[in-house]
>>> print(open('structure_30.txt').read())   # compact mmCIF, C-alpha atoms
# COMPACT_ATOMS: atom_id res chain seq x y z
CA MET A 1 0.00 0.00 0.00
CA SER A 2 1.32 3.47 -0.83
CA GLN A 3 2.24 5.73 2.10
CA SER A 4 -0.42 8.26 1.05
CA ALA A 5 -3.19 5.65 1.10
CA VAL A 6 -2.01 4.26 4.42
CA GLY A 7 -1.91 7.73 5.92
CA TRP A 8 -5.41 8.47 4.69
CA LEU A 9 -6.85 5.27 6.13
CA ARG A 10 -5.18 5.81 9.49
CA ALA A 11 -6.36 9.42 9.67
CA ARG A 12 -9.89 8.62 8.53
CA THR A 13 -10.29 5.97 11.20
CA ARG A 14 -8.59 7.93 13.94
CA ASN A 15 -11.47 7.30 16.36
CA SER A 16 -11.89 3.61 15.66
CA VAL A 17 -9.38 1.25 17.24
CA ALA A 18 -10.69 -1.76 15.35
CA LEU A 19 -10.47 -0.12 11.95
CA ALA A 20 -7.01 1.29 12.68
CA ALA A 21 -5.86 -2.20 13.61
CA LEU A 22 -7.29 -3.47 10.33
CA ALA A 23 -5.33 -0.84 8.41
CA VAL A 24 -2.07 -1.87 10.09
CA LEU A 25 -2.79 -5.53 9.43
CA LEU A 26 -3.36 -4.85 5.73
CA VAL A 27 -0.06 -2.98 5.51
CA LEU A 28 1.84 -5.81 7.21
CA LEU A 29 0.28 -8.49 5.05
CA GLY A 30 0.54 -6.52 1.82
CA THR A 31 -2.30 -8.57 0.37
CA ALA A 32 -4.82 -7.54 -2.26
CA PRO A 33 -8.46 -7.01 -1.28
CA SER A 34 -9.96 -10.43 -0.62
CA ALA A 35 -13.66 -9.77 0.03
CA VAL A 36 -15.83 -12.61 -1.21
CA ALA A 37 -18.17 -11.47 -3.99
CA ALA A 38 -21.74 -11.43 -2.70
CA GLY A 39 -23.51 -11.33 -6.06
CA PRO A 40 -25.36 -8.46 -7.79
CA ALA A 41 -27.29 -6.11 -5.51
CA THR A 42 -29.57 -3.09 -5.94
CA VAL A 43 -27.92 -0.12 -4.20
CA SER A 44 -27.71 3.67 -4.28
CA VAL A 45 -24.61 5.77 -4.98
CA ARG A 46 -23.89 9.50 -4.74
CA ALA A 47 -20.91 11.84 -4.35
CA VAL A 48 -20.81 15.29 -2.73
CA GLY A 49 -17.98 17.75 -3.24
CA THR A 50 -16.83 20.99 -1.61
CA ASP A 51 -19.53 22.93 0.28
CA GLY A 52 -22.11 20.24 -0.32
CA GLN A 53 -22.15 20.51 -4.10
CA SER A 54 -23.50 17.43 -5.88
CA VAL A 55 -20.79 15.78 -7.98
CA LEU A 56 -22.68 12.53 -8.63
CA PRO A 57 -26.45 12.82 -7.99
CA LEU A 58 -28.24 10.05 -6.12
CA THR A 59 -28.37 7.05 -8.44
CA ASP A 60 -30.05 3.68 -7.92
CA LEU A 61 -28.52 0.74 -9.78
CA THR A 62 -27.95 -3.00 -9.72
CA THR A 63 -24.35 -4.13 -9.62
CA ASN A 64 -23.01 -6.85 -11.91
CA GLU A 65 -20.11 -9.28 -11.94
CA THR A 66 -17.96 -7.41 -14.48
CA PRO A 67 -14.51 -6.79 -12.92
CA VAL A 68 -13.37 -3.19 -12.54
CA VAL A 69 -9.86 -2.40 -13.81
CA LYS A 70 -8.86 1.27 -13.86
CA ASP A 71 -5.15 1.12 -14.74
CA GLY A 72 -5.11 -1.52 -17.48
CA ASP A 73 -3.47 -4.15 -15.26
CA SER A 74 -5.69 -7.25 -15.11
CA GLU A 75 -4.17 -8.17 -11.76
CA HIS A 76 -5.56 -4.93 -10.35
CA ALA A 77 -9.20 -5.99 -10.63
CA CYS A 78 -12.04 -5.28 -8.21
CA ALA A 79 -15.29 -7.25 -8.11
CA GLY A 80 -18.14 -5.64 -9.99
CA THR A 81 -20.31 -6.37 -6.96
CA SER A 82 -18.13 -4.19 -4.71
CA ALA A 83 -18.45 -0.47 -4.00
CA ALA A 84 -15.92 0.04 -6.80
CA GLY A 85 -18.30 -1.70 -9.20
CA ALA A 86 -21.21 0.44 -8.03
CA LEU A 87 -19.17 3.63 -8.50
CA GLN A 88 -18.11 2.41 -11.95
CA LEU A 89 -21.74 2.04 -13.02
CA ALA A 90 -23.04 5.22 -11.38
CA SER A 91 -20.32 7.43 -12.89
CA LYS A 92 -20.23 5.54 -16.20
CA GLY A 93 -16.55 4.88 -15.49
CA ASN A 94 -15.74 8.54 -14.83
CA TRP A 95 -13.62 8.03 -11.71
CA ASN A 96 -10.02 7.13 -11.02
CA GLY A 97 -7.41 6.41 -8.38
CA GLU A 98 -4.07 4.73 -7.77
CA TRP A 99 -3.86 1.01 -6.97
CA SER A 100 -2.22 -0.02 -3.70
CA GLY A 101 -1.74 -3.61 -2.55
CA GLY A 102 -3.98 -4.49 0.39
CA PHE A 103 -6.20 -1.49 -0.28
CA GLY A 104 -7.17 -1.66 -3.95
CA TYR A 105 -7.99 1.57 -5.72
CA GLY A 106 -7.92 4.71 -3.61
CA VAL A 107 -10.60 7.02 -5.03
CA GLU A 108 -9.04 10.35 -6.00
CA THR A 109 -11.25 11.63 -8.84
CA ILE A 110 -15.02 11.40 -9.40
CA GLU A 111 -16.71 13.07 -12.37
CA GLY A 112 -13.64 15.26 -12.90
CA VAL A 113 -13.48 16.49 -9.28
CA SER A 114 -10.14 15.49 -7.74
CA TYR A 115 -8.92 15.26 -4.16
CA PRO A 116 -5.49 13.61 -4.50
CA PHE A 117 -3.85 11.86 -1.58
CA SER A 118 -1.03 14.42 -1.70
CA GLY A 119 -3.37 17.11 -0.29
CA PRO A 120 -5.43 17.41 2.89
CA ASP A 121 -8.82 17.02 1.17
CA ARG A 122 -9.92 13.47 0.35
CA TRP A 123 -12.91 11.54 -0.89
CA ALA A 124 -14.37 10.03 2.29
CA PHE A 125 -16.15 6.70 1.74
CA TRP A 126 -19.26 5.81 3.76
CA LEU A 127 -21.51 2.77 3.54
CA ASP A 128 -25.00 2.82 5.07
CA ASN A 129 -24.30 6.08 6.92
CA GLU A 130 -21.08 4.85 8.51
CA PRO A 131 -17.40 5.46 7.63
CA VAL A 132 -15.73 2.45 6.03
CA GLY A 133 -12.28 1.22 7.05
CA THR A 134 -11.54 -0.59 3.78
CA GLY A 135 -11.16 0.62 0.23
CA VAL A 136 -13.94 0.51 -2.34
CA CYS A 137 -12.61 -2.79 -3.71
CA GLY A 138 -12.92 -4.53 -0.36
CA ALA A 139 -16.49 -3.42 0.37
CA GLU A 140 -19.01 -5.96 -0.95
CA LEU A 141 -22.56 -4.69 -1.20
CA SER A 142 -25.99 -6.07 -0.36
CA SER A 143 -29.35 -4.92 -1.72
CA GLY A 144 -30.51 -1.76 0.01
CA ASP A 145 -27.00 -0.47 0.74
CA SER A 146 -26.25 3.23 0.27
CA VAL A 147 -22.78 4.26 -0.94
CA LEU A 148 -21.64 7.82 -0.27
CA PHE A 149 -18.48 9.72 -1.18
CA PHE A 150 -17.88 13.24 0.11
CA GLU A 151 -15.04 15.73 0.44
CA GLU A 152 -13.40 15.69 3.85
CA CYS A 153 -10.27 17.34 5.21
CA VAL A 154 -7.83 14.86 6.77
CA SER A 155 -4.51 16.11 8.15
CA LYS A 156 -2.36 15.63 11.25
CA GLU A 157 -1.11 19.21 10.98
CA ALA A 158 -2.81 21.50 13.48
CA GLY A 159 -5.10 24.15 12.08
CA VAL A 160 -5.38 22.66 8.59
CA CYS A 161 -8.75 20.92 9.07
CA PRO A 162 -11.83 21.71 11.17
CA SER A 163 -11.69 20.22 14.66
CA ILE A 164 -14.95 18.35 14.06
CA PRO A 165 -15.46 16.41 10.81
CA PRO A 166 -18.73 17.03 8.94
CA GLY A 167 -21.81 15.06 9.87
CA VAL A 168 -23.89 13.25 7.26
CA LEU A 169 -27.61 13.91 6.84
CA ALA A 170 -30.04 11.12 5.95
CA ILE A 171 -33.71 11.38 4.93
CA GLU A 172 -36.44 9.05 6.12
CA VAL A 173 -39.54 9.31 3.91
CA PRO A 174 -41.95 6.76 2.40
CA ALA A 175 -40.90 5.56 -1.05
CA THR A 176 -44.44 6.14 -2.36
CA VAL A 177 -46.81 8.91 -1.28
CA GLU A 178 -50.26 10.23 -2.12
CA VAL A 179 -50.54 13.44 -4.18
CA LYS A 180 -51.67 16.52 -2.20
CA GLU A 181 -51.57 14.67 1.13
CA PRO A 182 -49.21 15.83 3.93
CA VAL A 183 -46.15 13.60 4.25
CA THR A 184 -43.88 13.60 7.29
CA VAL A 185 -40.18 13.77 6.41
CA THR A 186 -37.58 12.98 9.06
CA VAL A 187 -33.92 14.06 8.75
CA LEU A 188 -31.20 12.46 10.85
CA SER A 189 -27.61 13.60 11.30
CA TYR A 190 -24.86 10.97 11.61
CA PRO A 191 -21.70 12.22 13.37
CA GLY A 192 -18.55 12.43 11.26
CA GLU A 193 -16.65 10.18 13.65
CA GLY A 194 -19.33 7.48 13.29
CA GLY A 195 -21.94 6.49 15.84
CA GLU A 196 -25.64 6.85 16.52
CA PRO A 197 -27.58 9.54 14.63
CA LYS A 198 -29.51 12.42 16.15
CA PRO A 199 -32.54 14.35 14.82
CA ALA A 200 -31.37 17.19 12.57
CA ASP A 201 -32.94 20.48 13.65
CA GLY A 202 -33.22 23.51 11.34
CA VAL A 203 -32.62 21.59 8.09
CA THR A 204 -34.21 22.88 4.88
CA VAL A 205 -36.07 20.17 2.95
CA VAL A 206 -37.16 20.83 -0.63
CA GLY A 207 -38.83 18.78 -3.34
CA GLY A 208 -42.21 17.62 -4.61
CA GLY A 209 -43.23 21.10 -5.74
CA ASP A 210 -43.84 22.28 -2.14
CA THR A 211 -42.26 25.72 -1.65
CA SER A 212 -43.81 26.41 1.76
CA ALA A 213 -42.24 23.63 3.84
CA LEU A 214 -40.77 24.75 7.17
CA ALA A 215 -37.30 23.77 8.38
CA THR A 216 -37.14 20.60 10.46
CA ASP A 217 -38.06 20.84 14.14
CA ALA A 218 -36.27 19.49 17.22
CA GLN A 219 -37.38 15.98 16.24
CA GLY A 220 -35.83 16.43 12.80
CA GLN A 221 -39.25 16.47 11.13
CA THR A 222 -41.12 18.62 8.65
CA THR A 223 -44.07 18.13 6.29
CA LEU A 224 -44.18 18.13 2.49
CA VAL A 225 -47.17 18.13 0.17
CA PHE A 226 -46.49 16.72 -3.31
CA ALA A 227 -48.08 18.83 -6.02
CA GLY A 228 -48.43 16.20 -8.74
CA GLU A 229 -47.83 12.58 -9.58
CA GLY A 230 -44.44 11.35 -10.75
CA GLY A 231 -40.91 10.78 -9.49
CA TYR A 232 -39.19 13.37 -7.30
CA THR A 233 -35.85 13.93 -5.59
CA ILE A 234 -36.06 15.26 -2.03
CA ASP A 235 -33.08 17.30 -0.80
CA ALA A 236 -32.13 18.13 2.79
CA VAL A 237 -29.58 20.91 3.36
CA GLY A 238 -28.30 21.83 6.80
CA SER A 239 -26.87 25.08 8.13
CA GLY A 240 -24.68 26.14 11.01
CA GLU A 241 -21.70 24.39 12.59
CA PRO A 242 -20.36 21.80 12.38
CA PRO A 243 -21.18 21.53 8.67
CA THR A 244 -23.18 18.61 7.35
CA ILE A 245 -23.26 16.66 4.10
CA PRO A 246 -26.67 17.19 2.39
CA ALA A 247 -29.01 14.25 1.81
CA GLU A 248 -31.10 13.08 -1.13
CA ALA A 249 -33.98 10.62 -1.41
CA PHE A 250 -36.32 9.42 -4.15
CA VAL A 251 -40.11 9.55 -3.77
CA CYS A 252 -42.86 8.47 -6.17
CA ALA A 253 -46.17 10.33 -5.87
CA HIS A 254 -49.45 8.84 -7.08
CA GLU A 255 -53.13 9.77 -7.03
CA GLY A 256 -55.09 6.90 -5.56
CA ASN A 257 -54.86 3.55 -7.32
CA ASP A 258 -53.94 5.12 -10.66
CA GLY A 259 -51.41 2.48 -11.68
CA ALA A 260 -48.46 4.73 -10.81
CA CYS A 261 -45.73 3.94 -8.27
CA GLY A 262 -46.63 0.27 -8.18
CA THR A 263 -50.31 0.82 -7.33
CA THR A 264 -52.96 -1.29 -9.07
CA ALA A 265 -55.35 0.56 -11.36
CA PRO A 266 -59.02 -0.58 -11.49
CA ALA A 267 -59.84 -3.26 -14.07
CA GLY A 268 -60.26 -1.75 -17.51
CA SER A 269 -58.60 1.52 -16.49
CA THR A 270 -56.34 3.25 -18.99
CA ALA A 271 -54.25 4.85 -16.24
CA GLY A 272 -50.52 4.74 -16.88
CA GLN A 273 -48.55 1.96 -15.28
CA THR A 274 -45.75 4.18 -13.98
CA PRO A 275 -43.27 2.14 -11.89
CA ALA A 276 -41.58 3.44 -8.79
CA PRO A 277 -38.78 5.79 -9.91
CA VAL A 278 -35.46 4.32 -11.01
CA ALA A 279 -32.52 6.52 -10.09
CA VAL A 280 -31.49 8.63 -13.08
CA ILE A 281 -29.92 12.06 -13.29
CA ASP A 282 -33.33 13.62 -14.03
CA ALA A 283 -35.25 11.81 -11.30
CA SER A 284 -36.24 15.20 -9.81
CA VAL A 285 -38.40 15.91 -12.87
CA PRO A 286 -41.98 14.60 -12.59
CA GLN A 287 -43.49 12.41 -15.31
CA ALA A 288 -45.13 14.52 -18.02
CA THR A 289 -48.91 14.74 -17.80
CA ALA A 290 -51.61 15.98 -20.13
CA ARG A 291 -53.06 18.49 -17.66
CA GLY A 292 -51.24 21.44 -19.24
CA GLY A 293 -48.60 23.80 -17.89
CA VAL A 294 -44.83 23.96 -18.10
CA SER A 295 -42.49 21.07 -17.30
CA LEU A 296 -38.73 20.95 -16.79
CA VAL A 297 -37.33 18.53 -19.38
CA SER A 298 -33.96 17.92 -17.73
CA ALA A 299 -32.56 18.63 -14.27
CA THR A 300 -29.07 18.89 -15.79
CA VAL A 301 -28.57 22.47 -17.02
CA ALA A 302 -25.65 23.25 -19.35
CA VAL A 303 -23.88 26.58 -18.83
CA ARG A 304 -21.96 28.25 -21.64
CA GLY A 305 -18.61 29.92 -21.12
CA GLY A 306 -20.11 33.39 -20.70
CA GLY A 307 -22.43 32.24 -17.91
CA SER A 308 -25.59 31.53 -19.92
CA ALA A 309 -27.57 28.65 -18.38
CA LEU A 310 -29.65 26.77 -20.94
CA VAL A 311 -32.88 25.55 -19.33
CA LYS A 312 -35.00 23.20 -21.46
CA LEU A 313 -38.75 23.50 -20.86
CA GLU A 314 -41.82 21.84 -22.34
CA CYS A 315 -45.29 23.41 -22.56
CA LEU A 316 -47.86 20.67 -22.08
CA GLY A 317 -51.27 21.05 -23.70
CA ALA A 318 -52.58 23.32 -26.46
CA THR A 319 -52.42 26.57 -24.45
CA SER A 320 -49.23 28.67 -24.52
CA CYS A 321 -47.12 28.82 -21.35
CA HIS A 322 -45.77 32.09 -19.93
CA GLY A 323 -43.84 32.79 -16.75
CA LYS A 324 -40.52 33.40 -15.04
CA LEU A 325 -37.52 31.27 -14.03
CA THR A 326 -35.43 32.06 -10.94
CA LEU A 327 -32.20 30.26 -10.04
CA SER A 328 -30.98 30.34 -6.45
CA VAL A 329 -28.50 28.60 -4.16
CA ALA A 330 -28.45 28.02 -0.42
CA ALA A 331 -27.23 31.06 1.53
CA LYS A 332 -24.55 28.87 3.12
CA ILE A 333 -23.13 28.14 -0.34
CA ALA A 334 -23.47 31.73 -1.54
CA ALA A 335 -21.40 32.89 1.42
CA ARG A 336 -18.37 31.59 -0.47
CA ALA A 337 -18.68 34.62 -2.72
CA LYS A 338 -17.77 36.87 0.21
CA ALA A 339 -14.13 35.96 -0.39
CA SER A 340 -14.21 38.31 -3.37
CA GLY A 341 -15.24 41.24 -1.17
CA ASN A 342 -18.23 42.03 -3.40
CA ALA A 343 -20.97 40.00 -1.77
CA LYS A 344 -23.36 41.24 0.89
CA LYS A 345 -24.71 39.32 3.82
CA HIS A 346 -27.90 37.44 2.98
CA PRO A 347 -30.10 36.53 5.95
CA ALA A 348 -32.44 34.55 3.68
CA ARG A 349 -32.08 30.79 3.25
CA THR A 350 -31.47 31.19 -0.48
CA VAL A 351 -29.72 33.73 -2.68
CA ARG A 352 -30.78 34.43 -6.27
CA ILE A 353 -28.10 33.97 -8.92
CA GLY A 354 -30.16 34.59 -12.08
CA ALA A 355 -33.64 35.00 -13.57
CA ALA A 356 -35.34 35.03 -16.98
CA GLY A 357 -38.84 35.08 -18.45
CA PHE A 358 -40.24 32.44 -20.81
CA SER A 359 -42.97 32.18 -23.42
CA ILE A 360 -43.58 28.82 -25.10
CA GLN A 361 -46.22 27.75 -27.62
CA GLY A 362 -48.51 24.90 -26.63
CA ASP A 363 -47.23 21.35 -27.18
CA ALA A 364 -43.74 22.72 -27.83
CA THR A 365 -40.26 22.48 -26.27
CA LYS A 366 -37.96 25.47 -25.89
CA THR A 367 -34.51 26.16 -24.45
CA VAL A 368 -34.59 29.31 -22.32
CA LYS A 369 -31.35 31.25 -21.81
CA LEU A 370 -30.82 32.44 -18.23
CA ASN A 371 -27.74 34.56 -17.53
CA LEU A 372 -25.97 33.86 -14.22
CA ASP A 373 -25.00 36.89 -12.19
CA ALA A 374 -21.46 37.45 -10.90
CA THR A 375 -22.07 35.38 -7.76
CA GLY A 376 -23.44 32.47 -9.79
CA ARG A 377 -20.51 32.50 -12.20
CA ARG A 378 -18.03 32.68 -9.34
CA LEU A 379 -19.65 29.77 -7.48
CA LEU A 380 -19.84 27.63 -10.61
CA SER A 381 -16.13 28.17 -11.20
CA ALA A 382 -15.24 27.45 -7.57
CA SER A 383 -17.29 24.21 -7.72
CA HIS A 384 -15.27 22.81 -10.63
CA GLY A 385 -18.10 23.43 -13.10
CA HIS A 386 -20.74 21.47 -11.11
CA LEU A 387 -23.15 23.54 -8.99
CA ARG A 388 -26.39 22.40 -7.35
CA ALA A 389 -29.13 25.04 -7.45
CA SER A 390 -32.88 25.48 -7.01
CA LEU A 391 -34.95 26.48 -10.02
CA ALA A 392 -38.31 28.14 -9.33
CA LEU A 393 -40.75 28.03 -12.27
CA LEU A 394 -43.47 30.66 -11.85
CA GLU A 395 -46.33 29.92 -14.27
CA LEU A 396 -48.41 33.01 -15.07
CA ALA A 397 -50.33 31.19 -17.83
CA PRO A 398 -52.16 28.94 -18.26
CA LYS A 399 -54.18 29.84 -15.19
CA PRO A 400 -54.22 29.37 -12.27
CA GLU A 401 -50.81 30.77 -11.37
CA SER A 402 -48.49 28.24 -9.77
CA THR A 403 -44.87 27.82 -8.73
CA GLN A 404 -42.74 24.69 -8.99
CA THR A 405 -39.32 24.34 -7.39
CA LYS A 406 -36.83 21.87 -8.85
CA THR A 407 -33.33 20.90 -7.82
CA VAL A 408 -31.02 21.24 -10.83
CA GLN A 409 -27.36 20.65 -11.55
CA LEU A 410 -25.50 23.41 -13.38
CA VAL A 411 -22.74 21.92 -15.52
CA ARG A 412 -20.17 23.87 -17.49
>>> encode(input="structure_30.txt", output="structure tokens")
Amino acid sequence: MSQSAVGWLRARTRNSVALAALAVLLVLLGTAPSAVAAGPATVSVRAVGTDGQSVLPLTDLTTNETPVVKDGDSEHACAGTSAAGALQLASKGNWNGEWSGGFGYGVETIEGVSYPFSGPDRWAFWLDNEPVGTGVCGAELSSGDSVLFFEECVSKEAGVCPSIPPGVLAIEVPATVEVKEPVTVTVLSYPGEGGEPKPADGVTVVGGGDTSALATDAQGQTTLVFAGEGGYTIDAVGSGEPPTIPAEAFVCAHEGNDGACGTTAPAGSTAGQTPAPVAVIDASVPQATARGGVSLVSATVAVRGGGSALVKLECLGATSCHGKLTLSVAAKIAARAKASGNAKKHPARTVRIGAAGFSIQGDATKTVKLNLDATGRRLLSASHGHLRASLALLELAPKPESTQTKTVQLVR
């Protein structure tokens, strides 16, 4: 095992005697990862970068038995059923790291975002809301497992890293819910050192088209009302200190037994047989319906070099759609712009980084250009070209007026 990988593992497990002992044993033995393949499993994978920015959105997948080789050496192969195999599928192979005997591949780059072992910031690896003491190659997965990577500072030098590592938020919400019925959402915070979770107070939860949800209470709970049927991504973003890693969860909303989300439609019904949502990049976008109004086509928004965000919208139904788009980010994230000396304090939970109007003919699709302001451009650059934001779609026509809020990923 390379000295950098050994140092990372020792530092990451500084509060776990058992895991530290395992790291030493691996170094002494110098053996390759020897976890026994458990077979394909359905799991979730996501990666979160600096300041909670989504690098790899929450993705559900089923692992396979195809070995993972990142450096061209067939002897450096990880089981496709391991966490390495899950990351390979979720990122479509867009990750990398150096091989070390006894450790396997140390993850250094995911989706172009790099935290090399030579620096203090690393990709932390958690499994089922707990830090893992082995590499991704040695972690075999079972169905229902959640794999998380996030940026964490690890250094023995005093003053380089925060004294308390970030906690990890987790969302508890039913996988299927009824449209327009209140749903209780619970957010837990898992301590960065590992251990039992606590209710997360004061966390902002967004998703499902509900823009009026309050922050979580002392029990870590709040209520959402889902505006329409389809698949949604729910996001939980904390504030204050110590910092926390934001959470994501998938929810499928249905209206009675309409055949959606695994419900059974009445005999002879023509209701759509929409399955429970499968994790895809655009899982935050509801299924299109014929009720009219504007719909976000993709939650991935391309940004041109000059700062023009290209938002693709669809006007459903024969009536033209008119309204306004507003992009915003969490105030905690926007605070990064203060480093330039140009930003003001924002007491609000969100800060606007751009807006634009739209007018689309009925039954048509249109790409709307929205120019990012200076703060938005600065944040996108600081986030390595990947910035999570909230997009509010205010529909002025067709009537009645309504507002949808979607979580989008700005990509340059």
>>> residues_around(input="structure_30.txt", residues="stretch 163-172 of chain A", least_positions_apart="4", cutoff="7 Å", atoms="all atoms listed in the file", output="list in words")
Val185, Thr186, Val187, Leu188, Ser189, Tyr190, Pro191, Gly192, Glu193, Pro242, Pro243, Thr244, Ile245, Pro246, Ala247, Glu248 and Ala249 of chain A
>>> closest_residue(input="structure_30.txt", among="A:Glu196, A:Glu157, A:Asp363, A:Asp60", to="A:Thr42", atoms="only C-alpha atoms")
A:Asp60
>>> closest_residue(input="structure_30.txt", among="A:Glu255, A:Ala139, A:Asn94, A:Glu130", to="A:Pro197", atoms="only C-alpha atoms")
A:Glu130
>>> closest_residue(input="structure_30.txt", among="A:Pro120, A:Gly238, A:Gly306, A:Gly376", to="A:Ala158", atoms="only C-alpha atoms")
A:Pro120
>>> residues_around(input="structure_30.txt", residues="A:Arg377", least_positions_apart="6", cutoff="10 Å", atoms="all atoms listed in the file", output="JSON, numbers by chain")
{"A": [303, 305, 306, 307, 308, 337, 353, 354, 371, 383, 385, 387]}
>>> atom_distance(input="structure_30.txt", atom1="atom CA of A:Phe358", atom2="atom CA of A:Thr326")
11.0 Å
>>> closest_residue(input="structure_30.txt", among="A:Ala397, A:Cys261, A:Ala236, A:Cys153", to="A:Leu316", atoms="all atoms listed in the file")
A:Ala397
>>> atom_distance(input="structure_30.txt", atom1="atom CA of A:Leu61", atom2="atom CA of A:Ala86")
7.5 Å
>>> residues_near_point(input="structure_30.txt", point="(-27.0, 6.3, -5.5)", cutoff="6 Å", atoms="only C-alpha atoms", output="list in words")
Ser44, Val45, Arg46, Leu58, Thr59 and Asp60 of chain A
>>> closest_residue(input="structure_30.txt", among="A:Val55, A:Ile360, A:Ala253, A:Ile234", to="A:Leu313", atoms="only C-alpha atoms")
A:Ile360
>>> closest_residue(input="structure_30.txt", among="A:Ala175, A:Leu391, A:Leu89, A:Leu310", to="A:His254", atoms="all atoms listed in the file")
A:Ala175
>>> atom_distance(input="structure_30.txt", atom1="atom CA of A:Thr81", atom2="atom CA of A:Trp99")
18.0 Å
>>> residues_around(input="structure_30.txt", residues="stretch 211-225 of chain A", least_positions_apart="3", cutoff="7 Å", atoms="only C-alpha atoms", output="list of chain:residue names")
A:Lys180, A:Glu181, A:Pro182, A:Val183, A:Thr184, A:Val185, A:Thr186, A:Val187, A:Leu188, A:Pro199, A:Ala200, A:Asp201, A:Gly202, A:Val203, A:Thr204, A:Val205, A:Gly208, A:Thr405
>>> decode(input="structure_30.txt", residues="stretch 165-177 of chain A", atoms="N, CA, C and O atoms", output="short mmCIF file (atom, residue, chain, number, x, y, z; two decimals), in the first residue's frame")
data_model
loop_
_atom_site.label_atom_id
_atom_site.label_comp_id
_atom_site.auth_asym_id
_atom_site.auth_seq_id
_atom_site.Cartn_x
_atom_site.Cartn_y
_atom_site.Cartn_z
N PRO A 165 -15.15 16.76 12.20
CA PRO A 165 -15.46 16.41 10.81
C PRO A 165 -16.94 16.60 10.52
O PRO A 165 -17.77 16.59 11.44
N PRO A 166 -17.31 16.79 9.27
CA PRO A 166 -18.73 17.03 8.94
C PRO A 166 -19.60 15.83 9.25
O PRO A 166 -19.19 14.67 9.11
N GLY A 167 -20.83 16.11 9.69
CA GLY A 167 -21.81 15.06 9.87
C GLY A 167 -22.48 14.75 8.53
O GLY A 167 -22.32 15.48 7.56
N VAL A 168 -23.22 13.68 8.50
CA VAL A 168 -23.89 13.25 7.26
C VAL A 168 -25.40 13.19 7.51
O VAL A 168 -25.85 12.49 8.42
N LEU A 169 -26.16 13.92 6.71
CA LEU A 169 -27.61 13.91 6.84
C LEU A 169 -28.20 12.71 6.10
O LEU A 169 -27.66 12.26 5.10
N ALA A 170 -29.31 12.21 6.60
CA ALA A 170 -30.04 11.12 5.95
C ALA A 170 -31.54 11.41 6.06
O ALA A 170 -32.01 11.91 7.09
N ILE A 171 -32.27 11.12 4.99
CA ILE A 171 -33.71 11.38 4.93
C ILE A 171 -34.48 10.09 5.12
O ILE A 171 -34.19 9.08 4.48
N GLU A 172 -35.49 10.15 5.98
CA GLU A 172 -36.44 9.05 6.12
C GLU A 172 -37.80 9.53 5.62
O GLU A 172 -38.40 10.44 6.20
N VAL A 173 -38.27 8.92 4.53
CA VAL A 173 -39.54 9.31 3.91
C VAL A 173 -40.09 8.09 3.18
O VAL A 173 -39.31 7.28 2.66
N PRO A 174 -41.40 7.90 3.14
CA PRO A 174 -41.95 6.76 2.40
C PRO A 174 -41.53 6.80 0.93
O PRO A 174 -41.42 7.87 0.33
N ALA A 175 -41.30 5.63 0.36
CA ALA A 175 -40.90 5.56 -1.05
C ALA A 175 -42.03 5.97 -1.97
O ALA A 175 -41.80 6.50 -3.06
N THR A 176 -43.28 5.73 -1.56
CA THR A 176 -44.44 6.14 -2.36
C THR A 176 -45.37 6.96 -1.47
O THR A 176 -45.56 6.64 -0.29
N VAL A 177 -45.94 8.02 -2.03
CA VAL A 177 -46.81 8.91 -1.28
C VAL A 177 -48.03 9.26 -2.12
O VAL A 177 -48.04 9.08 -3.35
#
